[in-house]
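One file, final_0.pdb, is given below (PDB, C-alpha atoms and all ligand atoms).
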ATOM      1  CA  MET A1473      21.056  25.664  32.877
ATOM      2  CA  THR A1474      20.705  24.683  36.472
ATOM      3  CA  THR A1475      21.651  21.537  38.305
ATOM      4  CA  ASP A1476      21.362  23.408  41.615
ATOM      5  CA  PRO A1477      19.341  21.158  43.969
ATOM      6  CA  VAL A1478      17.292  24.064  45.378
ATOM      7  CA  GLN A1479      16.274  25.334  41.945
ATOM      8  CA  LEU A1480      15.609  21.794  40.755
ATOM      9  CA  THR A1481      13.344  21.209  43.748
ATOM     10  CA  ALA A1482      11.458  24.422  42.873
ATOM     11  CA  ASP A1483      11.097  23.157  39.297
ATOM     12  CA  PHE A1484       8.828  20.363  40.606
ATOM     13  CA  ASP A1485       6.254  23.115  41.353
ATOM     14  CA  GLU A1486       6.530  24.659  37.866
ATOM     15  CA  VAL A1487       4.470  23.865  34.801
ATOM     16  CA  ARG A1488       6.825  24.094  31.818
ATOM     17  CA  ASP A1489       5.962  23.926  28.140
ATOM     18  CA  ILE A1490       8.050  20.818  27.448
ATOM     19  CA  THR A1491       9.670  18.071  29.501
ATOM     20  CA  VAL A1492      12.324  16.218  27.539
ATOM     21  CA  ILE A1493      13.078  12.666  28.646
ATOM     22  CA  GLY A1494      16.729  12.007  27.840
ATOM     23  CA  ALA A1495      19.704  14.375  27.907
ATOM     24  CA  GLY A1496      21.586  12.776  25.041
ATOM     25  CA  PRO A1497      22.295  14.758  21.863
ATOM     26  CA  VAL A1498      18.679  14.462  20.689
ATOM     27  CA  GLY A1499      17.279  15.586  24.047
ATOM     28  CA  MET A1500      19.633  18.566  24.208
ATOM     29  CA  CYS A1501      18.837  19.543  20.596
ATOM     30  CA  THR A1502      15.149  19.360  21.518
ATOM     31  CA  ALA A1503      15.765  21.742  24.418
ATOM     32  CA  PHE A1504      17.663  24.052  22.033
ATOM     33  CA  TRP A1505      14.760  24.229  19.580
ATOM     34  CA  ALA A1506      12.338  24.770  22.451
ATOM     35  CA  GLY A1507      14.459  27.774  23.447
ATOM     36  CA  MET A1508      14.467  29.145  19.902
ATOM     37  CA  ARG A1509      10.653  29.028  20.012
ATOM     38  CA  GLU A1510      10.631  30.684  23.451
ATOM     39  CA  ALA A1511       9.100  27.561  24.953
ATOM     40  CA  SER A1512      10.239  26.714  28.471
ATOM     41  CA  ALA A1513      11.802  23.269  28.745
ATOM     42  CA  ARG A1514      13.465  20.958  31.204
ATOM     43  CA  VAL A1515      15.460  17.792  30.554
ATOM     44  CA  ILE A1516      15.626  14.725  32.744
ATOM     45  CA  ASP A1517      17.993  11.778  32.546
ATOM     46  CA  SER A1518      18.521   8.688  34.640
ATOM     47  CA  LEU A1519      22.292   8.993  34.194
ATOM     48  CA  PRO A1520      24.378  11.190  36.507
ATOM     49  CA  GLU A1521      25.741  13.233  33.580
ATOM     50  CA  LEU A1522      24.575  14.881  30.366
ATOM     51  CA  GLY A1523      25.331  13.443  26.947
ATOM     52  CA  GLY A1524      23.680  10.027  26.747
ATOM     53  CA  GLN A1525      25.794   7.482  24.887
ATOM     54  CA  LEU A1526      28.475  10.072  24.065
ATOM     55  CA  ALA A1527      29.301  10.643  27.719
ATOM     56  CA  ALA A1528      28.594   7.147  29.003
ATOM     57  CA  LEU A1529      30.057   4.983  26.240
ATOM     58  CA  TYR A1530      32.647   6.886  24.225
ATOM     59  CA  PRO A1531      33.633  10.267  25.709
ATOM     60  CA  GLU A1532      37.132  10.129  24.190
ATOM     61  CA  LYS A1533      36.219   8.976  20.683
ATOM     62  CA  TRP A1534      36.396  11.321  17.704
ATOM     63  CA  ILE A1535      33.114  12.004  15.917
ATOM     64  CA  PHE A1536      33.405  12.912  12.243
ATOM     65  CA  ASP A1537      29.783  13.284  11.139
ATOM     66  CA  VAL A1538      28.658  16.483  12.853
ATOM     67  CA  PRO A1539      28.164  19.249  10.270
ATOM     68  CA  GLY A1540      30.526  22.175  10.816
ATOM     69  CA  HIS A1541      33.003  20.103  12.814
ATOM     70  CA  PRO A1542      35.702  18.321  10.792
ATOM     71  CA  ARG A1543      36.068  16.217  13.924
ATOM     72  CA  VAL A1544      35.046  16.636  17.539
ATOM     73  CA  LEU A1545      35.607  14.542  20.666
ATOM     74  CA  ALA A1546      32.339  13.142  22.016
ATOM     75  CA  LYS A1547      32.819  14.768  25.426
ATOM     76  CA  ASP A1548      33.536  18.137  23.778
ATOM     77  CA  LEU A1549      30.368  17.867  21.689
ATOM     78  CA  VAL A1550      28.390  17.229  24.876
ATOM     79  CA  GLU A1551      29.857  20.387  26.406
ATOM     80  CA  LEU A1552      29.061  22.418  23.269
ATOM     81  CA  LEU A1553      25.482  21.139  23.324
ATOM     82  CA  ARG A1554      25.218  21.929  27.026
ATOM     83  CA  VAL A1555      26.271  25.530  26.439
ATOM     84  CA  GLN A1556      24.200  25.948  23.259
ATOM     85  CA  ALA A1557      21.004  24.361  24.520
ATOM     86  CA  LEU A1558      20.868  24.271  28.307
ATOM     87  CA  GLU A1559      22.998  27.211  29.416
ATOM     88  CA  GLN A1560      21.795  29.609  26.715
ATOM     89  CA  PHE A1561      18.137  28.977  27.511
ATOM     90  CA  ASP A1562      18.542  28.303  31.243
ATOM     91  CA  VAL A1563      17.068  24.810  30.979
ATOM     92  CA  PRO A1564      17.000  22.820  34.243
ATOM     93  CA  ALA A1565      18.666  19.423  33.969
ATOM     94  CA  HIS A1566      17.326  16.790  36.351
ATOM     95  CA  LEU A1567      20.027  14.126  36.351
ATOM     96  CA  HIS A1568      19.804  10.840  38.264
ATOM     97  CA  THR A1569      16.069  11.070  37.530
ATOM     98  CA  THR A1570      14.192   8.272  35.793
ATOM     99  CA  ALA A1571      10.827   8.701  34.070
ATOM    100  CA  HIS A1572       8.367   5.918  34.821
ATOM    101  CA  THR A1573       4.824   6.781  33.709
ATOM    102  CA  ILE A1574       2.720   9.585  32.279
ATOM    103  CA  SER A1575      -0.765  10.743  33.269
ATOM    104  CA  TRP A1576      -2.912  13.786  32.517
ATOM    105  CA  GLU A1577      -4.368  16.413  34.811
ATOM    106  CA  GLY A1578      -7.010  19.113  34.218
ATOM    107  CA  SER A1579      -8.910  19.801  31.022
ATOM    108  CA  GLY A1580      -9.082  22.248  28.133
ATOM    109  CA  ASP A1581      -6.308  24.870  28.126
ATOM    110  CA  GLU A1582      -5.381  23.873  31.684
ATOM    111  CA  ARG A1583      -4.652  20.267  30.760
ATOM    112  CA  VAL A1584      -1.085  19.250  31.636
ATOM    113  CA  VAL A1585       0.973  16.111  31.348
ATOM    114  CA  VAL A1586       2.248  14.694  34.622
ATOM    115  CA  LEU A1587       5.504  12.813  34.316
ATOM    116  CA  HIS A1588       6.010  10.443  37.223
ATOM    117  CA  THR A1589       9.704  10.030  38.023
ATOM    118  CA  ASP A1590      11.600   8.351  40.821
ATOM    119  CA  ARG A1591      12.143  11.855  42.280
ATOM    120  CA  GLY A1592       8.608  13.165  42.043
ATOM    121  CA  GLU A1593       6.077  14.506  39.541
ATOM    122  CA  LEU A1594       7.024  16.988  36.814
ATOM    123  CA  ARG A1595       4.292  18.918  34.997
ATOM    124  CA  SER A1596       4.390  20.320  31.479
ATOM    125  CA  ARG A1597       2.161  20.927  28.463
ATOM    126  CA  ALA A1598       4.034  18.334  26.419
ATOM    127  CA  VAL A1599       6.578  15.562  26.895
ATOM    128  CA  VAL A1600       9.161  14.651  24.268
ATOM    129  CA  VAL A1601      10.731  11.220  24.563
ATOM    130  CA  ALA A1602      14.385  11.331  23.492
ATOM    131  CA  GLY A1603      15.408   8.234  25.394
ATOM    132  CA  GLY A1604      17.532   6.573  22.722
ATOM    133  CA  HIS A1605      17.559   2.832  23.310
ATOM    134  CA  GLY A1606      16.778   3.334  26.998
ATOM    135  CA  ALA A1607      19.148   1.958  29.605
ATOM    136  CA  PHE A1608      22.556   0.973  28.225
ATOM    137  CA  GLU A1609      23.391  -2.689  28.403
ATOM    138  CA  PRO A1610      26.534  -4.268  27.038
ATOM    139  CA  LYS A1611      26.057  -6.444  23.990
ATOM    140  CA  LYS A1612      27.563  -9.728  25.146
ATOM    141  CA  LEU A1613      29.571 -11.943  22.859
ATOM    142  CA  PRO A1614      27.572 -14.672  21.184
ATOM    143  CA  GLY A1615      29.261 -18.030  21.573
ATOM    144  CA  TYR A1616      31.722 -17.224  24.361
ATOM    145  CA  ASP A1617      31.015 -16.192  27.934
ATOM    146  CA  MET A1618      33.321 -13.302  28.837
ATOM    147  CA  THR A1619      31.632 -12.728  32.213
ATOM    148  CA  PRO A1620      34.557 -14.141  34.246
ATOM    149  CA  TRP A1621      36.895 -11.641  32.554
ATOM    150  CA  GLU A1622      34.750  -8.550  33.024
ATOM    151  CA  GLY A1623      36.723  -5.983  35.011
ATOM    152  CA  ARG A1624      39.840  -8.099  34.444
ATOM    153  CA  GLY A1625      40.700  -6.973  30.942
ATOM    154  CA  ALA A1626      37.366  -7.376  29.136
ATOM    155  CA  HIS A1627      35.648  -4.044  28.411
ATOM    156  CA  TYR A1628      32.381  -3.211  26.684
ATOM    157  CA  LEU A1629      33.199   0.487  26.332
ATOM    158  CA  VAL A1630      36.234   2.753  26.332
ATOM    159  CA  GLY A1631      35.654   5.342  29.041
ATOM    160  CA  SER A1632      39.270   6.481  29.053
ATOM    161  CA  LYS A1633      41.804   5.846  26.303
ATOM    162  CA  ALA A1634      44.588   6.230  28.880
ATOM    163  CA  ALA A1635      43.477   2.946  30.481
ATOM    164  CA  LEU A1636      44.564   1.172  27.267
ATOM    165  CA  ALA A1637      47.818   3.095  26.726
ATOM    166  CA  GLY A1638      50.664   0.806  25.672
ATOM    167  CA  LYS A1639      48.453  -2.290  25.872
ATOM    168  CA  ARG A1640      47.860  -5.017  23.315
ATOM    169  CA  VAL A1641      44.193  -4.570  22.452
ATOM    170  CA  LEU A1642      41.971  -7.162  20.806
ATOM    171  CA  ILE A1643      38.674  -5.752  19.543
ATOM    172  CA  VAL A1644      35.820  -8.146  18.814
ATOM    173  CA  GLY A1645      33.130  -6.999  16.388
ATOM    174  CA  GLY A1646      32.543  -5.794  12.875
ATOM    175  CA  GLY A1647      30.284  -2.757  13.213
ATOM    176  CA  ASP A1648      30.859   0.969  13.635
ATOM    177  CA  SER A1649      31.934   0.689  17.242
ATOM    178  CA  ALA A1650      34.611  -1.956  16.585
ATOM    179  CA  CYS A1651      35.989  -0.222  13.489
ATOM    180  CA  ASP A1652      35.883   3.243  15.107
ATOM    181  CA  TRP A1653      37.893   2.005  18.073
ATOM    182  CA  ALA A1654      40.412   0.184  15.874
ATOM    183  CA  ILE A1655      41.188   3.583  14.305
ATOM    184  CA  ASN A1656      40.806   5.693  17.444
ATOM    185  CA  LEU A1657      43.208   3.542  19.467
ATOM    186  CA  LEU A1658      46.000   3.627  16.878
ATOM    187  CA  ASP A1659      47.707   6.420  18.835
ATOM    188  CA  THR A1660      47.196   4.689  22.183
ATOM    189  CA  ALA A1661      47.528   0.895  22.118
ATOM    190  CA  SER A1662      50.826  -0.870  21.425
ATOM    191  CA  GLU A1663      49.069  -3.420  19.209
ATOM    192  CA  ILE A1664      45.555  -3.688  17.762
ATOM    193  CA  ARG A1665      43.861  -6.854  16.562
ATOM    194  CA  LEU A1666      40.357  -6.819  15.125
ATOM    195  CA  VAL A1667      38.436 -10.089  15.307
ATOM    196  CA  HIS A1668      35.181 -10.470  13.403
ATOM    197  CA  ARG A1669      33.186 -13.660  13.043
ATOM    198  CA  ARG A1670      31.884 -12.865   9.536
ATOM    199  CA  GLU A1671      33.473 -11.800   6.278
ATOM    200  CA  GLY A1672      32.914  -8.096   5.676
ATOM    201  CA  PHE A1673      32.478  -5.221   8.105
ATOM    202  CA  ARG A1674      29.184  -3.381   8.691
ATOM    203  CA  ALA A1675      30.658   0.021   9.551
ATOM    204  CA  HIS A1676      30.653   3.203   7.466
ATOM    205  CA  GLU A1677      32.520   2.607   4.223
ATOM    206  CA  LEU A1678      34.995   5.387   5.060
ATOM    207  CA  THR A1679      35.880   3.804   8.404
ATOM    208  CA  VAL A1680      36.149   0.330   6.885
ATOM    209  CA  GLY A1681      38.533   1.810   4.300
ATOM    210  CA  GLN A1682      40.644   3.303   7.094
ATOM    211  CA  VAL A1683      40.747  -0.058   8.896
ATOM    212  CA  LEU A1684      41.836  -1.854   5.725
ATOM    213  CA  GLU A1685      44.514   0.785   5.064
ATOM    214  CA  ALA A1686      45.760   0.417   8.650
ATOM    215  CA  ALA A1687      45.854  -3.353   8.116
ATOM    216  CA  ASP A1688      47.864  -2.884   4.889
ATOM    217  CA  ARG A1689      50.338  -0.703   6.799
ATOM    218  CA  GLY A1690      50.598  -3.402   9.477
ATOM    219  CA  ASP A1691      49.072  -1.166  12.174
ATOM    220  CA  VAL A1692      45.984  -3.370  12.674
ATOM    221  CA  ALA A1693      45.956  -7.174  12.451
ATOM    222  CA  LEU A1694      42.681  -8.517  11.035
ATOM    223  CA  HIS A1695      41.305 -11.935  12.039
ATOM    224  CA  VAL A1696      38.284 -12.540   9.798
ATOM    225  CA  PRO A1697      36.198 -14.728  10.009
ATOM    226  CA  PHE A1698      37.389 -15.759  13.459
ATOM    227  CA  GLN A1699      35.872 -16.020  16.922
ATOM    228  CA  ILE A1700      37.095 -16.354  20.474
ATOM    229  CA  LYS A1701      37.659 -19.958  21.519
ATOM    230  CA  GLU A1702      39.500 -19.556  24.820
ATOM    231  CA  VAL A1703      40.783 -16.794  27.067
ATOM    232  CA  HIS A1704      43.712 -17.363  29.404
ATOM    233  CA  GLY A1705      45.428 -15.270  32.023
ATOM    234  CA  ASN A1706      46.511 -15.159  35.605
ATOM    235  CA  GLY A1707      44.072 -12.698  37.163
ATOM    236  CA  GLY A1708      43.566 -10.761  33.910
ATOM    237  CA  VAL A1709      43.319 -11.365  30.180
ATOM    238  CA  GLU A1710      46.757 -12.341  28.823
ATOM    239  CA  ARG A1711      46.185 -14.709  25.922
ATOM    240  CA  VAL A1712      43.249 -15.305  23.578
ATOM    241  CA  VAL A1713      42.850 -18.360  21.351
ATOM    242  CA  LEU A1714      40.744 -17.921  18.205
ATOM    243  CA  HIS A1715      39.022 -20.401  15.963
ATOM    244  CA  HIS A1716      37.903 -20.060  12.353
ATOM    245  CA  SER A1717      34.138 -19.454  12.142
ATOM    246  CA  GLU A1718      33.693 -22.485   9.881
ATOM    247  CA  ASP A1719      35.178 -24.724  12.602
ATOM    248  CA  GLU A1720      32.297 -24.121  15.040
TER     249      GLU A1720
HETATM  250  C1  LIG A1801      30.625   3.228  20.628
HETATM  251  C2  LIG A1801      29.669   4.107  19.847
HETATM  252  C3  LIG A1801      30.167   5.010  18.931
HETATM  253  C4  LIG A1801      29.300   5.849  18.210
HETATM  254  N1  LIG A1801      29.838   6.741  17.336
HETATM  255  C5  LIG A1801      29.027   7.574  16.648
HETATM  256  C6  LIG A1801      29.572   8.529  15.724
HETATM  257  O1  LIG A1801      30.789   8.634  15.541
HETATM  258  N2  LIG A1801      28.694   9.312  15.049
HETATM  259  C7  LIG A1801      27.328   9.212  15.236
HETATM  260  O2  LIG A1801      26.585   9.950  14.581
HETATM  261  N3  LIG A1801      26.796   8.334  16.111
HETATM  262  C8  LIG A1801      27.601   7.515  16.812
HETATM  263  N4  LIG A1801      27.059   6.612  17.685
HETATM  264  C9  LIG A1801      25.594   6.581  17.861
HETATM  265  C10 LIG A1801      25.122   7.766  18.736
HETATM  266  O3  LIG A1801      25.801   7.759  19.983
HETATM  267  C11 LIG A1801      23.614   7.670  18.964
HETATM  268  O4  LIG A1801      22.964   7.686  17.716
HETATM  269  C12 LIG A1801      23.153   8.852  19.816
HETATM  270  O5  LIG A1801      23.728   8.808  21.100
HETATM  271  C13 LIG A1801      21.626   8.852  19.937
HETATM  272  O6  LIG A1801      21.280  10.001  20.674
HETATM  273  P1  LIG A1801      19.971  10.057  21.559
HETATM  274  O7  LIG A1801      19.984  11.368  22.266
HETATM  275  O8  LIG A1801      18.805   9.685  20.722
HETATM  276  O9  LIG A1801      20.098   8.839  22.583
HETATM  277  P2  LIG A1801      21.147   8.519  23.733
HETATM  278  O10 LIG A1801      22.485   9.095  23.467
HETATM  279  O11 LIG A1801      21.026   7.048  23.915
HETATM  280  O12 LIG A1801      20.551   9.274  24.988
HETATM  281  C14 LIG A1801      19.314   8.877  25.529
HETATM  282  C15 LIG A1801      19.297   9.278  26.981
HETATM  283  O13 LIG A1801      17.992   9.019  27.484
HETATM  284  C16 LIG A1801      18.115   8.562  28.817
HETATM  285  N5  LIG A1801      16.912   7.818  29.178
HETATM  286  C17 LIG A1801      16.386   6.741  28.545
HETATM  287  N6  LIG A1801      15.266   6.342  29.164
HETATM  288  C18 LIG A1801      15.091   7.191  30.217
HETATM  289  C19 LIG A1801      14.114   7.302  31.245
HETATM  290  N7  LIG A1801      13.061   6.457  31.323
HETATM  291  N8  LIG A1801      14.249   8.290  32.170
HETATM  292  C20 LIG A1801      15.292   9.159  32.102
HETATM  293  N9  LIG A1801      16.243   9.099  31.149
HETATM  294  C21 LIG A1801      16.139   8.129  30.226
HETATM  295  C22 LIG A1801      19.358   7.682  28.790
HETATM  296  O14 LIG A1801      19.915   7.559  30.084
HETATM  297  C23 LIG A1801      20.263   8.475  27.832
HETATM  298  O15 LIG A1801      21.133   9.345  28.524
HETATM  299  C24 LIG A1801      27.891   5.767  18.411
HETATM  300  C25 LIG A1801      27.386   4.857  19.352
HETATM  301  C26 LIG A1801      28.253   4.038  20.067
HETATM  302  C27 LIG A1801      27.690   3.082  21.095
END
Could I get this structure in the form of structure tokens?
Amino acid sequence: MTTDPVQLTADFDEVRDITVIGAGPVGMCTAFWAGMREASARVIDSLPELGGQLAALYPEKWIFDVPGHPRVLAKDLVELLRVQALEQFDVPAHLHTTAHTISWEGSGDERVVVLHTDRGELRSRAVVVAGGHGAFEPKKLPGYDMTPWEGRGAHYLVGSKAALAGKRVLIVGGGDSACDWAINLLDTASEIRLVHRREGFRAHELTVGQVLEAADRGDVALHVPFQIKEVHGNGGVERVVLHHSEDE
């Protein structure tokens, strides 16, 4: 794998077999299978680092559903994929590079795809789009505007568990992300409350079971079906008032 600027610049003059848009797990697996078929590949990603959502949104969360790994930290899985796919097959990784449009050049066996990026044109015989959901945007809370508290105690992702060490953490949501973090922060936060506006969680059954067990032990306080009514604090989030969902 190269991220060396000189070699990456030279790659703009190369015609590779495959250009992979997206260096998340799917993009890196695509590059791996290209290597197994002795096809030359490159990956590009608009983010400054490899790993897609794993690196950008939850580097320190345990992942339990990768075959062969009883559990693996997201950032460690990214590194394993990097070694397995990009380093093993010497795949150039163009980071900080966003794909915009595609056009075609030449004809017959000489026909190539031209990928137009914000850093120039990349040519290959095929392009694989592994862009996930595209650019990451936080899913804002319905019903309560947390914008004034962003950067002052309101987070949409956990980049570093250490930032929440010893803190009282209130998680809002009822899906995989909320339930995963309720479990993953048990060894970090001093107190965990999980607030969900509907009855029933939509996460994997196993994780929901772990959340309910943690609640039975008194390690997680559940507030269901509740929603945020008010947030108070002097400079940062200190106190949150909830209301029952039926009292909207
Ligand atoms: C908090 C959280 C926890 C999760 N936990 C788990 C879990 O435990 N187990 C599990 O199996 N799944 C989990 N997931 C889901 C998992 O992360 C996704 O299914 C996975 O990341 C999808 O991989 P991907 O490579 O398709 O897309 P992504 O990881 O989204 O990567 C796509 C990449 O494409 C890039 N890209 C998009 N458009 C362009 C463009 N035009 N130009 C250049 N680059 C572009 C993006 O920058 C991104 O890096 C979790 C998700 C979240 C948010």
How close does each residue of chain A get to ligand LIG 1801 (chain A), giving the shortest atom pair and distance in Å to one decimal for every residue with an atom at most 7 Å away, counting all atoms listed in the file, sorted by chain and residue number, as a tab-separated table?
residue	atom	partner	partner_atom	distance
A:Ile1493	CA	A:LIG1801	N9	5.4
A:Gly1494	CA	A:LIG1801	O13	3.3
A:Ala1495	CA	A:LIG1801	C15	5.2
A:Gly1496	CA	A:LIG1801	O7	3.5
A:Pro1497	CA	A:LIG1801	O7	4.1
A:Val1498	CA	A:LIG1801	O7	3.7
A:Gly1499	CA	A:LIG1801	O7	5.3
A:Ile1516	CA	A:LIG1801	C20	5.6
A:Asp1517	CA	A:LIG1801	N9	3.5
A:Ser1518	CA	A:LIG1801	C20	4.1
A:Leu1519	CA	A:LIG1801	O14	5.0
A:Leu1522	CA	A:LIG1801	O15	6.8
A:Gly1523	CA	A:LIG1801	O15	6.1
A:Gly1524	CA	A:LIG1801	O15	3.2
A:Gln1525	CA	A:LIG1801	O10	3.9
A:Leu1526	CA	A:LIG1801	O3	5.4
A:Leu1529	CA	A:LIG1801	C1	5.9
A:Tyr1530	CA	A:LIG1801	C1	5.5
A:Trp1534	CA	A:LIG1801	O1	6.6
A:Ile1535	CA	A:LIG1801	O1	4.1
A:Phe1536	CA	A:LIG1801	O1	6.0
A:Asp1537	CA	A:LIG1801	N2	5.7
A:Thr1569	CA	A:LIG1801	C20	5.8
A:Thr1570	CA	A:LIG1801	N8	3.6
A:Ala1571	CA	A:LIG1801	N8	3.9
A:His1572	CA	A:LIG1801	N7	5.9
A:Ala1602	CA	A:LIG1801	O8	5.5
A:Gly1603	CA	A:LIG1801	O13	3.4
A:Gly1604	CA	A:LIG1801	O9	3.4
A:His1605	CA	A:LIG1801	O11	5.5
A:Gly1606	CA	A:LIG1801	C17	3.8
A:Ala1607	CA	A:LIG1801	C17	5.6
A:Leu1629	CA	A:LIG1801	C1	6.8
A:Asp1648	CA	A:LIG1801	C3	6.7
A:Ser1649	CA	A:LIG1801	C1	4.4
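The closest residue to Ser1596 in chain A, picked from A:Leu1658, A:Ile1490, A:Ala1527, A:Ala1675 and counting all atoms listed in the file, is A:Ile1490.
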Report as a CSV table (one decimal) with C-alpha atoms, keeping the file's coordinate frame all protein, DNA and RNA residues lying within 10 Å of Asp1652 in chain A, evaluated on all atoms listed in the file, omitting residues in the same chain fewer than 4 positions from it.
chain,number,residue,atom,x,y,z
A,1533,LYS,CA,36.2,9.0,20.7
A,1534,TRP,CA,36.4,11.3,17.7
A,1535,ILE,CA,33.1,12.0,15.9
A,1646,GLY,CA,32.5,-5.8,12.9
A,1647,GLY,CA,30.3,-2.8,13.2
A,1648,ASP,CA,30.9,1.0,13.6
A,1656,ASN,CA,40.8,5.7,17.4
A,1657,LEU,CA,43.2,3.5,19.5
A,1675,ALA,CA,30.7,0.0,9.6
A,1676,HIS,CA,30.7,3.2,7.5
A,1679,THR,CA,35.9,3.8,8.4
A,1680,VAL,CA,36.1,0.3,6.9
A,1682,GLN,CA,40.6,3.3,7.1
A,1683,VAL,CA,40.7,-0.1,8.9
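Once range 1586-1594 of chain A and its same-chain neighbours fewer than 4 positions away are set aside, Thr1481, Asp1483, Phe1484, Asp1485, Glu1486, Val1487, Arg1488, Thr1491, Ile1493, Arg1514, Ile1516, Ser1518, His1566, His1568, Thr1569, Thr1570, Ala1571, His1572, Thr1573, Ile1574, Ser1575, Trp1576, Glu1577, Ala1598 and Val1599 of chain A remain within 10 Å of it when counting all atoms listed in the file.
The residue that comes closest to Gly1631 in chain A, out of A:Val1584, A:Ala1546, A:Ala1687, A:Val1600 and on the basis of only C-alpha atoms, is A:Ala1546.
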Would you place a box with edges along x, y and z of the file around all atoms of range 1518-1528 of chain A listed there, add 6 Å to each of its six sides, and report the centre and edge lengths in Å to one decimal, as AutoDock Vina command-line options?
--center_x 23.9 --center_y 11.0 --center_z 30.3 --size_x 22.8 --size_y 19.7 --size_z 24.4
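Here CA of Gly1708 in chain A and CA of Ala1626 in chain A stand 8.5 Å from one another.
Between CA of Val1644 in chain A and CA of Glu1521 in chain A the separation is 27.9 Å.
Counting only C-alpha atoms, the residue from A:Pro1610, A:Gly1623, A:Gly1578, A:Pro1564 that sits nearest to Ala1503 in chain A is A:Pro1564.
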Seminar exercise, completed: The distance between CA of Thr1619 in chain A and CA of Ala1693 in chain A is 25.0 Å
For this session: Quick one: everything within 10 Å of Ile1700 in chain A, counting all atoms listed in the file, minus sequence neighbours fewer than 4 positions away in the same chain. Send it as number ranges by chain.
Result: A: 1613-1618, 1644, 1667-1669, 1712-1717
Exercise. So which residues get picked by the PyMOL selection byres (((chain A and resi 1643) around 8) and not hetatm) here, written as a list in words?
Worked result: Val1641, Leu1642, Val1644, Gly1645, Ala1650, Trp1653, Ala1654, Ile1664, Arg1665, Leu1666 and Val1667 of chain A
Spatial neighbours of Gly1625 in chain A, max dist 8 Å, only C-alpha atoms, sep filter under 3 positions, as a tab-separated table (two decimals) with C-alpha atoms, in the frame of the given file:
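Dumped to around-v2.tsv:
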chain	number	residue	atom	x	y	z
A	1621	TRP	CA	36.90	-11.64	32.55
A	1622	GLU	CA	34.75	-8.55	33.02
A	1708	GLY	CA	43.57	-10.76	33.91
A	1709	VAL	CA	43.32	-11.36	30.18
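Each of A:His1627, A:Gly1672, A:Leu1636, A:Arg1689 was checked against Thr1660 in chain A using only C-alpha atoms; the smallest atom-to-atom distance is that of A:Leu1636.
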Problem set entry | Result set of the PyMOL selection byres (((chain A and resi 1562) around 12) and not hetatm) on the coordinates above, as an MDAnalysis selection string | chainID A and resid 1473:1476 1479:1480 1503:1504 1506:1507 1510:1515 1554:1561 1563:1565
